[in-house]
Amino acid sequence: MKKLYFIFIALIFIGLSSCSSGKTDEEKAQDMAEGILKQMTGKDVDIKTEKNEDGETVNMTIKTDEGELNISGNQAELPDDFPDIYIVEGEKSNISVMVSGVTKVVTFKITSDKEPASAKEEIEKNMESWTNSMNMSTPDGSMLSYDKEDVGSVTITIGKSDDKTEIAYMTNYKGK
């Protein structure tokens, strides 16, 4: 409880000190996030963001003296080193990549005209070289998890949205 009290006091102090600093709201929020992370970890934290031509943040780097984490959202394509995970045919969107050291976490969504049961069956058939570690189904959808030694893991969630099937992929693998 005492630690929470000090974090709360630190946040108020950071917020008040940045109000009159002449910084933009985004710079103030970044300073506050750095302060929160420093309070939580006890380490100096530096956050840098990159924007696209529309002014949207598309890349964020969180750096400490122990390493860094890069987070990229709304990517156009999957990374070149994406593993041999079967991807159901459809419209790919919401590609996000997080990199820390050699580990990559990539998430994305496929919107398909296939029925959920058909998409699930297709995935199961084409992920033979991976070990299935979870296979759950409900009337509304399915969740599958696969692992491959020395590569990584993937969790695939399949569900219906309006008249389309949405397949969400969350992968964790060793990048090259």
# chains A, B, ... in the order shown; residues from 1 in each chain; ligands from 1
>>> select_by_dssp(residues="range 24-173 of chain A", states="strand (DSSP E)", output="PyMOL selection string")
chain A and resi 46-51+57-64+67-75+91-100+103-112+131-138+141-148+152-161+164-173
>>> select_by_dssp(residues="range 111-141 of chain A", states="helix (DSSP H, G or I)", output="PyMOL selection string")
chain A and resi 116-126
>>> write_last_selection(atoms="N, CA and C atoms", output="PDB file, in the first residue's frame")
ATOM      1  N   PRO A 116     -16.271 -20.605 -39.968  1.00  0.00           N
ATOM      2  CA  PRO A 116     -15.300 -20.868 -38.895  1.00  0.00           C
ATOM      3  C   PRO A 116     -14.845 -22.324 -38.815  1.00  0.00           C
ATOM      4  N   ALA A 117     -15.768 -23.279 -38.945  1.00  0.00           N
ATOM      5  CA  ALA A 117     -15.399 -24.696 -38.854  1.00  0.00           C
ATOM      6  C   ALA A 117     -14.472 -25.090 -39.996  1.00  0.00           C
ATOM      7  N   SER A 118     -14.725 -24.553 -41.174  1.00  0.00           N
ATOM      8  CA  SER A 118     -13.885 -24.838 -42.334  1.00  0.00           C
ATOM      9  C   SER A 118     -12.484 -24.241 -42.157  1.00  0.00           C
ATOM     10  N   ALA A 119     -12.408 -23.012 -41.638  1.00  0.00           N
ATOM     11  CA  ALA A 119     -11.114 -22.369 -41.384  1.00  0.00           C
ATOM     12  C   ALA A 119     -10.330 -23.175 -40.355  1.00  0.00           C
ATOM     13  N   LYS A 120     -11.000 -23.630 -39.294  1.00  0.00           N
ATOM     14  CA  LYS A 120     -10.327 -24.419 -38.256  1.00  0.00           C
ATOM     15  C   LYS A 120      -9.771 -25.716 -38.838  1.00  0.00           C
ATOM     16  N   GLU A 121     -10.583 -26.405 -39.621  1.00  0.00           N
ATOM     17  CA  GLU A 121     -10.160 -27.661 -40.236  1.00  0.00           C
ATOM     18  C   GLU A 121      -8.957 -27.447 -41.157  1.00  0.00           C
ATOM     19  N   GLU A 122      -8.966 -26.354 -41.903  1.00  0.00           N
ATOM     20  CA  GLU A 122      -7.868 -26.014 -42.809  1.00  0.00           C
ATOM     21  C   GLU A 122      -6.573 -25.752 -42.029  1.00  0.00           C
ATOM     22  N   ILE A 123      -6.697 -25.032 -40.928  1.00  0.00           N
ATOM     23  CA  ILE A 123      -5.523 -24.749 -40.090  1.00  0.00           C
ATOM     24  C   ILE A 123      -4.960 -26.051 -39.520  1.00  0.00           C
ATOM     25  N   GLU A 124      -5.828 -26.878 -38.950  1.00  0.00           N
ATOM     26  CA  GLU A 124      -5.376 -28.149 -38.353  1.00  0.00           C
ATOM     27  C   GLU A 124      -4.654 -29.012 -39.382  1.00  0.00           C
ATOM     28  N   LYS A 125      -5.175 -29.058 -40.592  1.00  0.00           N
ATOM     29  CA  LYS A 125      -4.585 -29.875 -41.658  1.00  0.00           C
ATOM     30  C   LYS A 125      -3.208 -29.349 -42.070  1.00  0.00           C
ATOM     31  N   ASN A 126      -3.030 -28.025 -42.067  1.00  0.00           N
ATOM     32  CA  ASN A 126      -1.805 -27.424 -42.590  1.00  0.00           C
ATOM     33  C   ASN A 126      -0.765 -27.064 -41.526  1.00  0.00           C
TER      34      ASN A 126
END
>>> closest_residue(among="A:Glu53, A:Glu115, A:Asp147, A:Glu34", to="Ile167 in chain A", atoms="only C-alpha atoms")
A:Glu115
>>> residues_around(residues="Thr64 in chain A", least_positions_apart="6", cutoff="8 Å", atoms="only C-alpha atoms", output="list in words")
Lys43, Asp44, Val45 and Asp46 of chain A
>>> residues_around(residues="Val106 in chain A", least_positions_apart="4", cutoff="12 Å", atoms="only C-alpha atoms", output="VMD selection string")
chain A and resid 70 to 75 77 to 83 85 93 to 100 152 to 156 168 to 175
>>> write_last_selection(atoms="N, CA and C atoms", output="short mmCIF file (atom, residue, chain, number, x, y, z; two decimals), in the first residue's frame")
data_model
loop_
_atom_site.label_atom_id
_atom_site.label_comp_id
_atom_site.auth_asym_id
_atom_site.auth_seq_id
_atom_site.Cartn_x
_atom_site.Cartn_y
_atom_site.Cartn_z
N ASN A 70 10.90 -2.71 -29.21
CA ASN A 70 10.32 -1.96 -30.32
C ASN A 70 8.93 -2.48 -30.57
N ILE A 71 7.97 -1.55 -30.70
CA ILE A 71 6.59 -1.90 -30.98
C ILE A 71 6.16 -1.15 -32.23
N SER A 72 5.75 -1.89 -33.25
CA SER A 72 5.31 -1.29 -34.50
C SER A 72 3.88 -1.74 -34.77
N GLY A 73 3.02 -0.80 -35.11
CA GLY A 73 1.63 -1.12 -35.41
C GLY A 73 1.27 -0.76 -36.82
N ASN A 74 0.17 -1.33 -37.30
CA ASN A 74 -0.35 -1.06 -38.64
C ASN A 74 0.68 -1.26 -39.73
N GLN A 75 1.42 -2.36 -39.63
CA GLN A 75 2.40 -2.69 -40.67
C GLN A 75 1.66 -3.17 -41.92
N GLU A 77 2.96 -5.47 -44.10
CA GLU A 77 3.26 -6.88 -44.35
C GLU A 77 3.82 -7.55 -43.09
N LEU A 78 3.79 -8.87 -43.09
CA LEU A 78 4.42 -9.63 -42.02
C LEU A 78 5.94 -9.52 -42.17
N PRO A 79 6.70 -9.67 -41.09
CA PRO A 79 8.17 -9.61 -41.19
C PRO A 79 8.69 -10.69 -42.15
N ASP A 80 9.82 -10.42 -42.78
CA ASP A 80 10.42 -11.37 -43.72
C ASP A 80 10.78 -12.69 -43.07
N ASP A 81 11.09 -12.66 -41.76
CA ASP A 81 11.49 -13.89 -41.07
C ASP A 81 10.31 -14.59 -40.38
N PHE A 82 9.07 -14.25 -40.77
CA PHE A 82 7.90 -14.88 -40.16
C PHE A 82 7.96 -16.39 -40.38
N PRO A 83 7.71 -17.19 -39.33
CA PRO A 83 7.86 -18.65 -39.45
C PRO A 83 6.79 -19.29 -40.36
N ILE A 85 4.02 -20.65 -40.40
CA ILE A 85 2.69 -20.79 -39.81
C ILE A 85 1.66 -20.68 -40.94
N SER A 93 -5.03 -7.77 -41.80
CA SER A 93 -5.05 -6.41 -41.24
C SER A 93 -4.51 -6.41 -39.82
N ASN A 94 -4.37 -5.20 -39.27
CA ASN A 94 -3.94 -5.00 -37.88
C ASN A 94 -2.63 -5.69 -37.55
N ILE A 95 -1.66 -5.64 -38.46
CA ILE A 95 -0.37 -6.28 -38.22
C ILE A 95 0.42 -5.43 -37.24
N SER A 96 0.83 -6.06 -36.14
CA SER A 96 1.60 -5.39 -35.11
C SER A 96 2.81 -6.25 -34.77
N VAL A 97 3.97 -5.60 -34.60
CA VAL A 97 5.21 -6.33 -34.33
C VAL A 97 5.88 -5.74 -33.09
N MET A 98 6.24 -6.60 -32.14
CA MET A 98 7.03 -6.20 -30.98
C MET A 98 8.32 -6.99 -31.01
N VAL A 99 9.46 -6.30 -30.83
CA VAL A 99 10.76 -6.95 -30.87
C VAL A 99 11.54 -6.61 -29.61
N SER A 100 12.02 -7.64 -28.94
CA SER A 100 12.89 -7.46 -27.78
C SER A 100 14.01 -8.47 -27.91
N GLY A 152 9.04 -21.30 -32.02
CA GLY A 152 8.18 -20.48 -31.18
C GLY A 152 6.80 -21.07 -31.02
N SER A 153 5.82 -20.18 -30.89
CA SER A 153 4.45 -20.63 -30.67
C SER A 153 3.48 -19.68 -31.36
N VAL A 154 2.27 -20.18 -31.56
CA VAL A 154 1.20 -19.37 -32.15
C VAL A 154 -0.12 -19.76 -31.50
N THR A 155 -0.93 -18.76 -31.20
CA THR A 155 -2.30 -18.99 -30.75
C THR A 155 -3.21 -18.38 -31.80
N ILE A 156 -4.18 -19.16 -32.25
CA ILE A 156 -5.09 -18.75 -33.31
C ILE A 156 -6.51 -18.80 -32.77
N ALA A 168 -7.72 -14.48 -35.66
CA ALA A 168 -6.67 -13.67 -35.03
C ALA A 168 -5.47 -14.56 -34.72
N TYR A 169 -4.30 -14.10 -35.13
CA TYR A 169 -3.05 -14.82 -34.90
C TYR A 169 -2.20 -14.04 -33.91
N MET A 170 -1.63 -14.74 -32.93
CA MET A 170 -0.65 -14.14 -32.03
C MET A 170 0.54 -15.09 -31.98
N THR A 171 1.67 -14.64 -32.55
CA THR A 171 2.84 -15.48 -32.64
C THR A 171 3.96 -14.95 -31.75
N ASN A 172 4.79 -15.85 -31.32
CA ASN A 172 5.96 -15.53 -30.50
C ASN A 172 7.07 -16.41 -31.04
N TYR A 173 8.11 -15.79 -31.63
CA TYR A 173 9.16 -16.60 -32.23
C TYR A 173 10.52 -15.92 -32.16
N LYS A 174 11.54 -16.70 -32.44
CA LYS A 174 12.91 -16.17 -32.46
C LYS A 174 13.15 -15.57 -33.84
N GLY A 175 13.39 -14.26 -33.87
CA GLY A 175 13.65 -13.59 -35.13
C GLY A 175 15.05 -13.89 -35.64
#
>>> residues_around(residues="Lys48 in chain A", least_positions_apart="3", cutoff="7 Å", atoms="only C-alpha atoms", output="PDB file with C-alpha atoms, in the first residue's frame")
ATOM      1  CA  MET A  60       7.544   3.071 -30.331  1.00  0.00           C
ATOM      2  CA  THR A  61      10.871   2.173 -28.754  1.00  0.00           C
ATOM      3  CA  ILE A  62      11.137   1.692 -24.992  1.00  0.00           C
TER       4      ILE A  62
END
